[in-house]
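*Asks:* Pasting a structure below so you can have a look.
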Amino acid sequence: MRLWFNLLCQDIDAQLQFYQALLRLPEARGTRSPLYRAVETEHFQLGFNAPGAYALLGLADRQPASARPGPREVTGYATFMLDTPAAVEAASLQAPQLGGQVLKPPYATYYGQWQAVLADPEDNVFRVSALGLPDPA
């Protein structure tokens, strides 16, 4: 089984560029369309749907009234498991440079992961995490 997860976005090209740069993932060119862009690995695809997808999916009544709503409630988020705690640090430094935000800087979780909470340029929340903790300084 593979997981395909989609975000409904205002600017699918900007979202594609953000996640490609931040996570160093290739574009899923075979699925590119006027309404869709995606990055992928052998295990998952993260897709970005243009606003026209609301109507296509029968979700027009659930489309936000504003293209840029204020701070949103969070009802779900993705966690990208990176290879090392240093990769979590690097992603946290790079996210703001790419137009995203650091909502919670890297920290040690109670379950032994090094993790940060970030938001992409359209304010979708996600985490980057790695098993283990960084070496003490």
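All residue names refer to the structure tokens as shown: chains lettered A, B, ... in order, residues numbered from 1 in each chain, ligands numbered from 1 in order.
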Pick out the residues sitting within 12 Å of Glu42 in chain A, and hand them over as a list in words; count only C-alpha atoms, and ignore anything fewer than 4 positions along from it in its own chain.
*Replies:*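 Everything that qualifies: Met1, Arg2, Leu3, Trp4, Leu25, Pro26, Ala28 and Leu46 of chain A.
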*Asks:* Write out as a list in words each polymer residue whose atoms come within 7 Å of Ala119 in chain A, counting only C-alpha atoms; drop sequence neighbours fewer than 4 positions from it.
*Replies:*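 Using only C-alpha atoms, the neighbours found are Gly100, Gln101, Val102, Leu103, Asp123, Asn124, Val125 and Phe126 of chain A.
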*Asks:* Could you please write out, as number ranges by chain, every residue of range 73-109 of chain A that DSSP assigns to strand (DSSP E or B)?
*Replies:* A: 78-81, 101-108
*Asks:* Please compute the CA of Leu98 in chain A-CA of Gly112 in chain A distance, one decimal, in Å.
*Replies:*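 Distance between the two atoms: 28.1 Å.
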*Asks:* Work out how far CA of Val39 in chain A is from CA of Tyr111 in chain A, in Å to one decimal.
*Replies:*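 CA of Tyr111 in chain A sits 28.5 Å away from CA of Val39 in chain A.
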*Asks:* So that I can check the secondary structure, give me every residue of range 44-93 of chain A assigned helix (DSSP H, G or I) by backbone DSSP, as a CSV table (one decimal) with all heavy atoms, in the first residue's frame.
*Replies:*
```
chain,number,residue,atom,x,y,z
A,53,ALA,N,-10.2,22.0,-8.0
A,53,ALA,CA,-10.4,20.6,-7.5
A,53,ALA,C,-11.6,20.6,-6.5
A,53,ALA,O,-12.2,19.5,-6.4
A,53,ALA,CB,-9.2,20.1,-6.8
A,54,TYR,N,-11.9,21.7,-5.9
A,54,TYR,CA,-13.1,21.6,-5.0
A,54,TYR,C,-14.4,21.2,-5.8
A,54,TYR,O,-15.1,20.3,-5.3
A,54,TYR,CB,-13.3,23.0,-4.3
A,54,TYR,CG,-12.4,23.3,-3.2
A,54,TYR,CD1,-11.3,24.2,-3.4
A,54,TYR,CD2,-12.7,22.8,-1.9
A,54,TYR,CE1,-10.5,24.5,-2.3
A,54,TYR,CE2,-11.8,23.1,-0.9
A,54,TYR,CZ,-10.7,23.9,-1.1
A,54,TYR,OH,-9.9,24.2,0.0
A,55,ALA,N,-14.6,21.8,-6.9
A,55,ALA,CA,-15.8,21.5,-7.7
A,55,ALA,C,-15.6,20.1,-8.3
A,55,ALA,O,-16.6,19.3,-8.3
A,55,ALA,CB,-15.9,22.5,-8.8
A,56,LEU,N,-14.4,19.8,-8.8
A,56,LEU,CA,-14.2,18.4,-9.3
A,56,LEU,C,-14.5,17.3,-8.4
A,56,LEU,O,-15.1,16.3,-8.7
A,56,LEU,CB,-12.8,18.3,-9.8
A,56,LEU,CG,-12.3,17.0,-10.4
A,56,LEU,CD1,-13.0,16.8,-11.8
A,56,LEU,CD2,-10.8,16.9,-10.6
A,60,ALA,N,-17.4,21.9,-3.4
A,60,ALA,CA,-17.5,23.4,-3.6
A,60,ALA,C,-18.1,24.0,-2.4
A,60,ALA,O,-17.7,25.1,-2.0
A,60,ALA,CB,-18.4,23.7,-4.8
A,61,ASP,N,-19.0,23.4,-1.7
A,61,ASP,CA,-19.6,23.9,-0.5
A,61,ASP,C,-18.6,24.0,0.7
A,61,ASP,O,-18.9,24.5,1.8
A,61,ASP,CB,-20.9,23.2,-0.1
A,61,ASP,CG,-20.7,21.7,0.2
A,61,ASP,OD1,-19.7,21.1,-0.3
A,61,ASP,OD2,-21.5,21.2,1.0
A,62,ARG,N,-17.5,23.3,0.6
A,62,ARG,CA,-16.5,23.3,1.7
A,62,ARG,C,-15.3,24.1,1.4
A,62,ARG,O,-14.3,24.2,2.1
A,62,ARG,CB,-16.1,21.8,1.9
A,62,ARG,CG,-17.2,21.0,2.5
A,62,ARG,CD,-16.7,19.6,2.7
A,62,ARG,NE,-17.8,18.8,3.2
A,62,ARG,CZ,-17.7,18.2,4.4
A,62,ARG,NH1,-16.6,18.3,5.2
A,62,ARG,NH2,-18.7,17.5,4.9
A,85,PRO,N,18.6,13.9,13.3
A,85,PRO,CA,18.2,15.2,13.9
A,85,PRO,C,18.8,16.4,13.2
A,85,PRO,O,18.2,17.4,13.2
A,85,PRO,CB,18.8,15.0,15.3
A,85,PRO,CG,18.8,13.5,15.6
A,85,PRO,CD,19.2,12.9,14.2
A,86,ALA,N,20.0,16.3,12.6
A,86,ALA,CA,20.6,17.4,11.9
A,86,ALA,C,19.7,17.8,10.7
A,86,ALA,O,19.6,19.0,10.4
A,86,ALA,CB,22.0,17.0,11.4
A,87,ALA,N,19.0,16.8,10.1
A,87,ALA,CA,18.1,17.1,9.0
A,87,ALA,C,16.9,17.9,9.5
A,87,ALA,O,16.4,18.8,8.8
A,87,ALA,CB,17.7,15.8,8.3
A,88,VAL,N,16.4,17.6,10.7
A,88,VAL,CA,15.3,18.4,11.3
A,88,VAL,C,15.8,19.8,11.5
A,88,VAL,O,15.0,20.8,11.2
A,88,VAL,CB,14.9,17.7,12.6
A,88,VAL,CG1,13.9,18.6,13.3
A,88,VAL,CG2,14.3,16.3,12.3
A,89,GLU,N,17.0,20.0,12.0
A,89,GLU,CA,17.5,21.3,12.2
A,89,GLU,C,17.6,22.1,10.9
A,89,GLU,O,17.2,23.2,10.8
A,89,GLU,CB,18.9,21.3,12.8
A,89,GLU,CG,19.0,20.7,14.2
A,89,GLU,CD,18.5,21.7,15.3
A,89,GLU,OE1,18.4,22.9,15.0
A,89,GLU,OE2,18.2,21.2,16.4
A,90,ALA,N,18.1,21.4,9.9
A,90,ALA,CA,18.3,22.1,8.6
A,90,ALA,C,16.9,22.5,8.0
A,90,ALA,O,16.8,23.6,7.4
A,90,ALA,CB,19.0,21.1,7.6
A,91,ALA,N,15.9,21.6,8.1
A,91,ALA,CA,14.6,21.9,7.5
A,91,ALA,C,14.0,23.1,8.3
A,91,ALA,O,13.4,24.0,7.7
A,91,ALA,CB,13.7,20.7,7.6
A,92,SER,N,14.2,23.2,9.6
A,92,SER,CA,13.7,24.3,10.4
A,92,SER,C,14.4,25.6,10.0
A,92,SER,O,13.7,26.6,10.0
A,92,SER,CB,13.9,24.0,11.9
A,92,SER,OG,13.2,22.9,12.3
A,93,LEU,N,15.6,25.6,9.6
A,93,LEU,CA,16.3,26.8,9.2
A,93,LEU,C,15.9,27.2,7.8
A,93,LEU,O,15.7,28.4,7.4
A,93,LEU,CB,17.8,26.6,9.2
A,93,LEU,CG,18.4,26.4,10.6
A,93,LEU,CD1,19.9,26.1,10.5
A,93,LEU,CD2,18.2,27.7,11.4
```
*Asks:* Choose the residue, out of A:Asp120, A:Glu27, A:Asp83, A:Asp135, that has the smallest atom-to-atom separation from Gly47 in chain A; count only C-alpha atoms.
*Replies:* A:Glu27
